[in-house]
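Okay, so here's the structure we're looking at.
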Amino acid sequence: MGQTNETNHFWLRTTMHWIIYIACFISFTVVSLGTKPAGYEWLAVLPVAYTACYGLVFAQSLKQELRVFNFVLIIMQFLRFVVMPMFLVYANYYGGRSPVAPLPESIEKAVLLMVYELAIISLTIFILDQRAKRKKRVQSTLTKSPQNGFYYLFFGVSILSLLVFPSVFQKIGFFMPGSGSSAENGSIVTALVGFQFIVAKQIFFLIILWYCHKKHQETAKNRYVGLAASAVFINIGVFMGTNRADVVITAIASLLIFRQLFPKFFKHLLLSVSVIIPVMLTTIATFRKISSISDGGSRLIDYTDKLQVYLAGPYNVAMALETKHLFQESGNFSVFLYDVFRPMIGIGSIISEWPVKYSSLYFNERYFFSDHMTQIIPIVGEGNLFFGPIFAPLLGVAVICFAYFLHSKKIQSQNIEIYYILTLACARLGLMAGQNLTILVNDISFNLSLFLIVYWLNKKIIFTRQSRLEFIINRGES
């Protein structure tokens with residue numbers, strides 16, 4: 001059986017490699033033969049750079065160990081360096097949403113900076129992989145905290161909080177966005193109530209999944225597998241807001257934890273989830289009613305525009321480069337500190353009154369020349385603001401190192417709660433290509449910190465008769 005699985009994995013990896021190499025060749029051919037405006041002359045270098053980095057580093061990294069961070073990062077960079085250039089040329093659309101497009105020389109610098117960033121990212125992964133090879137990894141089966149008392153209390157408090165704040169309850173969606181998802185953001189209290197509910201939902205999901213795992217081991221009845229699969233669907237389908245990345249990342253973490261507990265049934269569940277996720281993402285996109293750059297005239301142009309925005313294409317990176325020249329104060333150290341600490345849970349509320357602006361505010365001022373806030377400054381553009389072009393990939397390197405650190409802690413723990421939340425965090429960090437430090441810090445701070453606090457309290461606080469009896473005896477002895 002083990003040899004069969006190894007053979008299947010070999011053919012799966014080989015097929016994936018060939019698909020990527022063929023796609024890179026097609027992208028290079030299409031981009032090279034296409035007519036490109038001034039500034040985009042080096043666009044064909046993007047798929048070539050990805051081909052080299054994939055062949056030398058990414059493929060070997062996946063072969064060494066399948067880390068969820070690496071997998072998500074490699075897919076996102078494939079979309080950014082291989083798929084997006086083809087869309088730009090085929091759609092013949094190189095514009096954006098700014099009333100004043102970036103200069104051709106800014107576009108050219110942006111393309112070269114993207115290639116440089118990919119090279120530094122690849123080098124970082126190569127160094128970390130070589131270091132990981134020298135460490136002995138001890139694989140063991142997943143375990144779970146023996147008690148759930150505080151978990152149940154936390155879940156009950158979360159439900160009561162939703163009743164106290166019905167506006168948060170209206171934002172909860174079930175396979176489609178809630179009725180209040182389009183409302184304006186509320187106070188920090190309502191935000192915490194929302195995060196509290198999401199954490200409670202995830203913990204309850206893990207309790208159900210572990211129960212089904214133990215029962216299936218004892219009885220070998222498939223009804224427990226079906227119940228576990230239903231729990232996966234509910235965990236994916238219950239979400240807040242209209243952030244599509246939340247749905248995708250939750251699906252990845254839920255599938256991987258299911259794979260750990262029910263490996264024989266993973267393929268069947270994967271197929272079902274692969275069908276439902278695109279439907280959910282389409283529903284969310286329709287609900288958000290994102291304005292069409294072509295006014296509905298061309299879906300191809302609209303898709304190209306979304307790739308530029310969400311994957312930090314040359315247009316947006318060029319905008320970030322011009323932001324540094326237009327607003328010299330955007331690179332101040334105080335702005336960097338504000339980008340790092342303002343999104344953090346707890347610390348953010350203390351420094352919220354600082355007379356400092358986010359780097360994204362400066363970026364959007366260059367983009368729209370107004371206070372219109374809709375665009376995300378790419379992480380490499382954010383790095384360029386603070387450290388210049390040579391050290392622009394430094395923020396990305398820091399994210400990769402942190403993701404590898406979280407992965408090592410996940411492997412060492414083998415606790416189902418820790419395994420799940422760190423898988424979720426690593427998948428989130430893998431999206432860094434189209435994100436920035438502020439967004440990543442905010443997501444990791446709220447989701448990871450609150451979950452770990454609840455996990456720690458559940459270990460320390462035990463609600464049993466035995467614990468009360470021991471407390472009384474110890475008190476009497478004192």
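Residue numbering restarts at 1 for every chain of the structure tokens, chains are lettered A, B, ... in their displayed order, and ligands are numbered from 1 as they appear.
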
Show me, as a tab-separated table, the residues of segment 408-464 of chain A having an atom within 12 Å of segment 321-339 of chain A, each with the closest atom pair and its distance in Å, using only C-alpha atoms.
residue	atom	partner	partner_atom	distance
A:Asn436	CA	A:Asp339	CA	9.3
A:Leu437	CA	A:Asp339	CA	7.0
A:Thr438	CA	A:Asp339	CA	5.2
A:Ile439	CA	A:Asp339	CA	9.0
A:Leu440	CA	A:Asp339	CA	10.3
A:Val441	CA	A:Asp339	CA	8.6
A:Asn442	CA	A:Asp339	CA	9.8

Kindly save the residues from that selection, with C-alpha atoms included, as an mmCIF file, in the first residue's frame.
data_model
loop_
_atom_site.group_PDB
_atom_site.id
_atom_site.type_symbol
_atom_site.label_atom_id
_atom_site.label_comp_id
_atom_site.auth_asym_id
_atom_site.auth_seq_id
_atom_site.Cartn_x
_atom_site.Cartn_y
_atom_site.Cartn_z
ATOM 1 C CA ASN A 436 0.857 43.510 2.264
ATOM 2 C CA LEU A 437 2.304 43.465 5.757
ATOM 3 C CA THR A 438 -0.610 45.367 7.292
ATOM 4 C CA ILE A 439 -3.216 42.882 6.082
ATOM 5 C CA LEU A 440 -1.144 39.832 7.036
ATOM 6 C CA VAL A 441 -0.421 41.175 10.537
ATOM 7 C CA ASN A 442 -4.104 41.954 11.052
#

So that I can check the surroundings of Val232 of chain A, please list as a ChimeraX atom specification every protein, DNA and RNA residue that reaches within 8 Å of it, counting only C-alpha atoms and ignoring chain neighbours fewer than 6 positions away. /A:205,251,254-255,258

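Backbone DSSP over segment 125-370 of chain A yields strand (DSSP E) at Ile172, Gly173, Phe174, Val238, Phe239 and Met240 of chain A.
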
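The two atoms in question, atom CA of Val309 of chain A and atom CA of Asp246 of chain A, are spaced 17.6 Å apart.
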
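For the choices A:Gln64, A:Thr283, A:Pro389, A:Gly381, the atom-to-atom distance to Ala132 of chain A is smallest for A:Gln64 when using only C-alpha atoms.
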
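Of the listed residues A:Thr14, A:Ser167, A:Thr374, A:Asn70, the one whose atoms come nearest to Gly241 of chain A is A:Ser167, with distances taken using only C-alpha atoms.
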
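Take atom CA of Ile107 of chain A and atom CA of Arg80 of chain A: the distance between them is 15.3 Å.
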
Quick one: residues within 8 Å of Phe262 of chain A, only C-alpha atoms, excluding same-chain residues fewer than 3 positions away - as a PyMOL selection string? chain A and resi 213+225+258-259+265-266

Just the residues within 10 Å of segment 190-200 of chain A, please, counting only C-alpha atoms, with nothing from its chain fewer than 3 positions along; format it as a ChimeraX atom specification. /A:151-162,164-169,171-172,185-187,203-206,235,238-241,345,421,446-448,450-452,454

Enumerate as a PyMOL selection string all residues of segment 307-425 of chain A assigned to alpha helix (DSSP H) by DSSP on the backbone, naming them with the chain letters and numbers the document uses. chain A and resi 307-310+314-326+333-341+347-350+359-368+379-387+394-413+416-425

Looking at only C-alpha atoms, which of A:Met176, A:Leu261, A:Val48, A:Ala110 is the one that sits closest to Trp210 of chain A? A:Leu261

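Considering the residues A:Arg342, A:Lys36, A:Lys133, A:His17 and counting only C-alpha atoms, Leu56 of chain A has its shortest atom-to-atom contact with A:His17.
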
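For the atom pair formed by atom CA of Pro343 of chain A and atom CA of Ile444 of chain A, the distance is 9.7 Å, given to one decimal.
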
As an mmCIF file with N, CA and C atoms, in the first residue's frame, please: the residues near Pro378 of chain A (cut-off 6 Å, only C-alpha atoms, same-chain neighbours under 5 positions excluded).
data_model
loop_
_atom_site.group_PDB
_atom_site.id
_atom_site.type_symbol
_atom_site.label_atom_id
_atom_site.label_comp_id
_atom_site.auth_asym_id
_atom_site.auth_seq_id
_atom_site.Cartn_x
_atom_site.Cartn_y
_atom_site.Cartn_z
ATOM 1 N N ALA A 312 -0.939 41.759 -7.565
ATOM 2 C CA ALA A 312 0.136 42.753 -7.602
ATOM 3 C C ALA A 312 0.863 42.720 -8.940
ATOM 4 N N GLY A 434 -0.211 39.078 -3.329
ATOM 5 C CA GLY A 434 -1.149 40.174 -3.560
ATOM 6 C C GLY A 434 -1.563 40.888 -2.297
ATOM 7 N N GLN A 435 -0.901 40.589 -1.172
ATOM 8 C CA GLN A 435 -1.241 41.203 0.107
ATOM 9 C C GLN A 435 -0.129 42.186 0.500
ATOM 10 N N ASN A 436 -0.240 42.718 1.711
ATOM 11 C CA ASN A 436 0.857 43.510 2.264
ATOM 12 C C ASN A 436 0.990 43.208 3.740
#

My list of candidates is A:Cys426, A:Val30, A:Met319, A:Ile22. Which is closest to Phe369 of chain A when distances are computed with only C-alpha atoms? A:Met319
